[in-house]
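Chemist: Here's a structure for you.
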Amino acid sequence: MVHWTAEEKQLITSLWSKVDVGVIGGEALACMLVTYPWTQRFFGDFGNLSSPAAILGNPRVKAHGKKVLTSFGDAIKGLDNIKETFAKLSELHCDKLHVDPENFKLLGNVLLIVLAGHFGKDFTPACHAAYQKLTNVVAHALSRRYH
């Protein structure tokens with residue numbers, strides 16, 4: 001079990017209250033697909049992913065990004081139960097989708113960049129550290145079934 005300080009919880013929930021999951025989620029997933037093009041193989045049914053412009057404008061990428069970040073929000077609501085929150089998604093991504101668990105870390109890192117870009121000075125070093133810890137915990141929880 002991960003220990004969260006009161007300050008970490010406050011920083012995470014405070015910033016998260018400002019997050020538009022549709023905007024941030026779509027942008028984060030699109031950035032991952034552009035920056036790490038080999039991750040596109042898991043999204044073959046999403047249509048045109050042939051260029052950065054196509055990816056950024058793809059409605060299925062935006063919708064799935066929103067879905068991903070909505071799940072991330074569920075983790076924030078239950079910081080002390082993240083492994084349980086992602087148990088079924090870990091199983092799905094491992095057993096059915098065969099997603100490389102390294103991709104969870106890649107998406108977490110891209111999410112940090114997108115949050116920093118959107119929130120600038122509100123994304124302080126302390127906030128960044130709390131979110132870095134959170135993305136690592138989420139990536140580990142999603143990878144749990146692989147171990």
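Naming works like this for the structure tokens: A, B, ... for the chains as they're shown, residue 1 at the start of each chain, ligands 1 onward in shown order.
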Which residues are near Lys66 in chain A? Cut-off 7 Å, only C-alpha atoms, ignore same chain within fewer than 4 positions. Put them as a compact mmCIF listing (two decimals) with C-alpha atoms, in the first residue's frame.
Modeler:
```txt
# COMPACT_ATOMS: atom_id res chain seq x y z
CA VAL A 21 -11.01 15.13 -18.63
CA GLY A 22 -12.20 15.46 -22.22
CA GLY A 25 -7.41 13.12 -21.75
CA GLY A 26 -7.72 13.56 -25.49
CA LYS A 62 -10.39 12.18 -27.95
CA THR A 70 -12.13 9.39 -16.20
```
Chemist: Could you pull out all residues of chain A with a DSSP call of alpha helix (DSSP H) and give them as an NGL selection string?
Modeler: :A and (6-16 or 21-35 or 52-56 or 59-77 or 82-85 or 87-91 or 102-119 or 125-143)
Chemist: Nearest residue to Val114 in chain A out of A:Leu49, A:Tyr36, A:Glu27, A:Leu11, using only C-alpha atoms?
Modeler: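 Counting only C-alpha atoms, the residue closest to Val114 in chain A is A:Glu27.
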Chemist: So that I can check the surroundings of Leu69 in chain A, please list as a ChimeraX atom specification every protein, DNA and RNA residue that reaches within 12 Å of it, counting only C-alpha atoms and ignoring chain neighbours fewer than 6 positions away.
Modeler: /A:16,19-29,62-63,75-76,107-108,111,115,135,138
Chemist: Write the selection just made, keeping C-alpha atoms, as a CSV table (one decimal), in the first residue's frame?
Modeler:
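Written file, selection.csv:
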```csv
chain,number,residue,atom,x,y,z
A,16,TRP,CA,-7.7,17.6,-10.4
A,19,VAL,CA,-9.1,19.2,-15.0
A,20,ASP,CA,-11.4,18.9,-18.0
A,21,VAL,CA,-11.0,15.1,-18.6
A,22,GLY,CA,-12.2,15.5,-22.2
A,23,VAL,CA,-9.6,18.1,-23.1
A,24,ILE,CA,-6.7,16.8,-21.1
A,25,GLY,CA,-7.4,13.1,-21.7
A,26,GLY,CA,-7.7,13.6,-25.5
A,27,GLU,CA,-4.6,15.6,-25.6
A,28,ALA,CA,-2.6,13.2,-23.5
A,29,LEU,CA,-3.6,10.2,-25.5
A,62,LYS,CA,-10.4,12.2,-27.9
A,63,ALA,CA,-13.2,9.9,-26.7
A,75,ALA,CA,-8.0,6.5,-8.8
A,76,ILE,CA,-7.9,10.0,-7.3
A,107,LEU,CA,1.0,7.7,-20.9
A,108,GLY,CA,1.7,8.8,-17.3
A,111,LEU,CA,0.0,13.3,-18.9
A,115,LEU,CA,-0.9,19.0,-17.1
A,135,THR,CA,1.1,8.2,-12.3
A,138,VAL,CA,-1.4,3.9,-11.5
```
Chemist: Go through A:Val68, A:Lys83, A:Asp74, A:Leu142 one by one, measure the shortest atom-to-atom distance of each to Pro101 in chain A using only C-alpha atoms, and give the residue with the smallest value.
Modeler: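 Among the listed residues, the smallest separation from Pro101 in chain A belongs to A:Leu142.
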Chemist: Please list as a ChimeraX atom specification every residue within 12 Å of Asn58 in chain A, counting only C-alpha atoms and excluding residues in the same chain fewer than 4 positions away.
Modeler: /A:26-27,29-30,33,43,45-54,62-65
Chemist: Let me see the file: selected residues, N, CA and C atoms, as a PDB file, in the first residue's frame.
Modeler:
```
ATOM      1  N   GLY A  26      -7.918  13.657 -24.047  1.00  0.00           N
ATOM      2  CA  GLY A  26      -7.721  13.565 -25.491  1.00  0.00           C
ATOM      3  C   GLY A  26      -6.342  14.022 -25.905  1.00  0.00           C
ATOM      4  N   GLU A  27      -5.898  15.110 -25.317  1.00  0.00           N
ATOM      5  CA  GLU A  27      -4.576  15.641 -25.645  1.00  0.00           C
ATOM      6  C   GLU A  27      -3.465  14.691 -25.191  1.00  0.00           C
ATOM      7  N   LEU A  29      -3.602  11.362 -24.690  1.00  0.00           N
ATOM      8  CA  LEU A  29      -3.557  10.157 -25.517  1.00  0.00           C
ATOM      9  C   LEU A  29      -3.011  10.484 -26.901  1.00  0.00           C
ATOM     10  N   ALA A  30      -3.448  11.594 -27.477  1.00  0.00           N
ATOM     11  CA  ALA A  30      -2.939  11.995 -28.790  1.00  0.00           C
ATOM     12  C   ALA A  30      -1.433  12.215 -28.744  1.00  0.00           C
ATOM     13  N   LEU A  33       0.365   8.921 -28.735  1.00  0.00           N
ATOM     14  CA  LEU A  33       0.335   8.265 -30.043  1.00  0.00           C
ATOM     15  C   LEU A  33       1.274   8.929 -31.042  1.00  0.00           C
ATOM     16  N   PHE A  43      -4.554   0.691 -31.360  1.00  0.00           N
ATOM     17  CA  PHE A  43      -5.697   1.526 -31.715  1.00  0.00           C
ATOM     18  C   PHE A  43      -6.004   1.436 -33.205  1.00  0.00           C
ATOM     19  N   ASP A  45      -8.386   0.220 -34.826  1.00  0.00           N
ATOM     20  CA  ASP A  45      -9.773   0.470 -35.233  1.00  0.00           C
ATOM     21  C   ASP A  45     -10.196   1.921 -35.014  1.00  0.00           C
ATOM     22  N   PHE A  46      -9.245   2.791 -34.732  1.00  0.00           N
ATOM     23  CA  PHE A  46      -9.562   4.201 -34.485  1.00  0.00           C
ATOM     24  C   PHE A  46      -9.571   5.035 -35.756  1.00  0.00           C
ATOM     25  N   GLY A  47      -9.329   4.415 -36.896  1.00  0.00           N
ATOM     26  CA  GLY A  47      -9.343   5.171 -38.151  1.00  0.00           C
ATOM     27  C   GLY A  47      -8.000   5.812 -38.437  1.00  0.00           C
ATOM     28  N   ASN A  48      -8.049   7.013 -38.984  1.00  0.00           N
ATOM     29  CA  ASN A  48      -6.863   7.696 -39.480  1.00  0.00           C
ATOM     30  C   ASN A  48      -5.942   8.153 -38.346  1.00  0.00           C
ATOM     31  N   LEU A  49      -4.781   7.521 -38.288  1.00  0.00           N
ATOM     32  CA  LEU A  49      -3.729   7.905 -37.340  1.00  0.00           C
ATOM     33  C   LEU A  49      -2.433   8.166 -38.111  1.00  0.00           C
ATOM     34  N   SER A  50      -2.580   8.641 -39.351  1.00  0.00           N
ATOM     35  CA  SER A  50      -1.445   8.733 -40.272  1.00  0.00           C
ATOM     36  C   SER A  50      -0.519   9.918 -40.046  1.00  0.00           C
ATOM     37  N   SER A  51      -0.958  10.899 -39.289  1.00  0.00           N
ATOM     38  CA  SER A  51      -0.134  12.090 -39.062  1.00  0.00           C
ATOM     39  C   SER A  51      -0.504  12.700 -37.714  1.00  0.00           C
ATOM     40  N   PRO A  52       0.364  13.557 -37.194  1.00  0.00           N
ATOM     41  CA  PRO A  52       0.000  14.232 -35.939  1.00  0.00           C
ATOM     42  C   PRO A  52      -1.332  14.985 -36.040  1.00  0.00           C
ATOM     43  N   ALA A  53      -1.570  15.659 -37.150  1.00  0.00           N
ATOM     44  CA  ALA A  53      -2.831  16.396 -37.312  1.00  0.00           C
ATOM     45  C   ALA A  53      -4.027  15.446 -37.308  1.00  0.00           C
ATOM     46  N   ALA A  54      -3.880  14.299 -37.978  1.00  0.00           N
ATOM     47  CA  ALA A  54      -4.973  13.318 -38.010  1.00  0.00           C
ATOM     48  C   ALA A  54      -5.245  12.768 -36.616  1.00  0.00           C
ATOM     49  N   LYS A  62      -9.897  11.275 -28.987  1.00  0.00           N
ATOM     50  CA  LYS A  62     -10.392  12.184 -27.946  1.00  0.00           C
ATOM     51  C   LYS A  62     -11.327  11.459 -26.982  1.00  0.00           C
ATOM     52  N   ALA A  63     -12.242  10.657 -27.528  1.00  0.00           N
ATOM     53  CA  ALA A  63     -13.207   9.947 -26.681  1.00  0.00           C
ATOM     54  C   ALA A  63     -12.507   8.932 -25.776  1.00  0.00           C
ATOM     55  N   HIS A  64     -11.534   8.212 -26.330  1.00  0.00           N
ATOM     56  CA  HIS A  64     -10.837   7.227 -25.502  1.00  0.00           C
ATOM     57  C   HIS A  64      -9.957   7.917 -24.458  1.00  0.00           C
ATOM     58  N   GLY A  65      -9.354   9.036 -24.833  1.00  0.00           N
ATOM     59  CA  GLY A  65      -8.571   9.804 -23.864  1.00  0.00           C
ATOM     60  C   GLY A  65      -9.424  10.255 -22.696  1.00  0.00           C
TER      61      GLY A  65
END
```
Chemist: Tell me which protein, DNA and RNA residues are within 10 Å of range 126-128 of chain A, counting only C-alpha atoms, leaving out same-chain ones fewer than 6 positions away, and put them as a VMD selection string.
Modeler: chain A and resid 7 to 12 14 to 15 112 to 113 115 to 116 134
Chemist: With distances taken over only C-alpha atoms, which residue among A:Asn136, A:Thr13, A:Ser143, A:Thr39 lies nearest Asn109 in chain A?
Modeler: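 Among A:Asn136, A:Thr13, A:Ser143, A:Thr39, it is A:Asn136 that comes nearest to Asn109 in chain A.
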Chemist: Closest to Lys77 in chain A among A:Gly44, A:Leu106, A:Arg60, A:Ser17, using only C-alpha atoms?
Modeler: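 Counting only C-alpha atoms, the residue closest to Lys77 in chain A is A:Ser17.
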Chemist: How many Å separate CA of Val2 in chain A from CA of Ala139 in chain A?
Modeler: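 Spanning CA of Val2 in chain A to CA of Ala139 in chain A is a straight-line distance of 13.2 Å.
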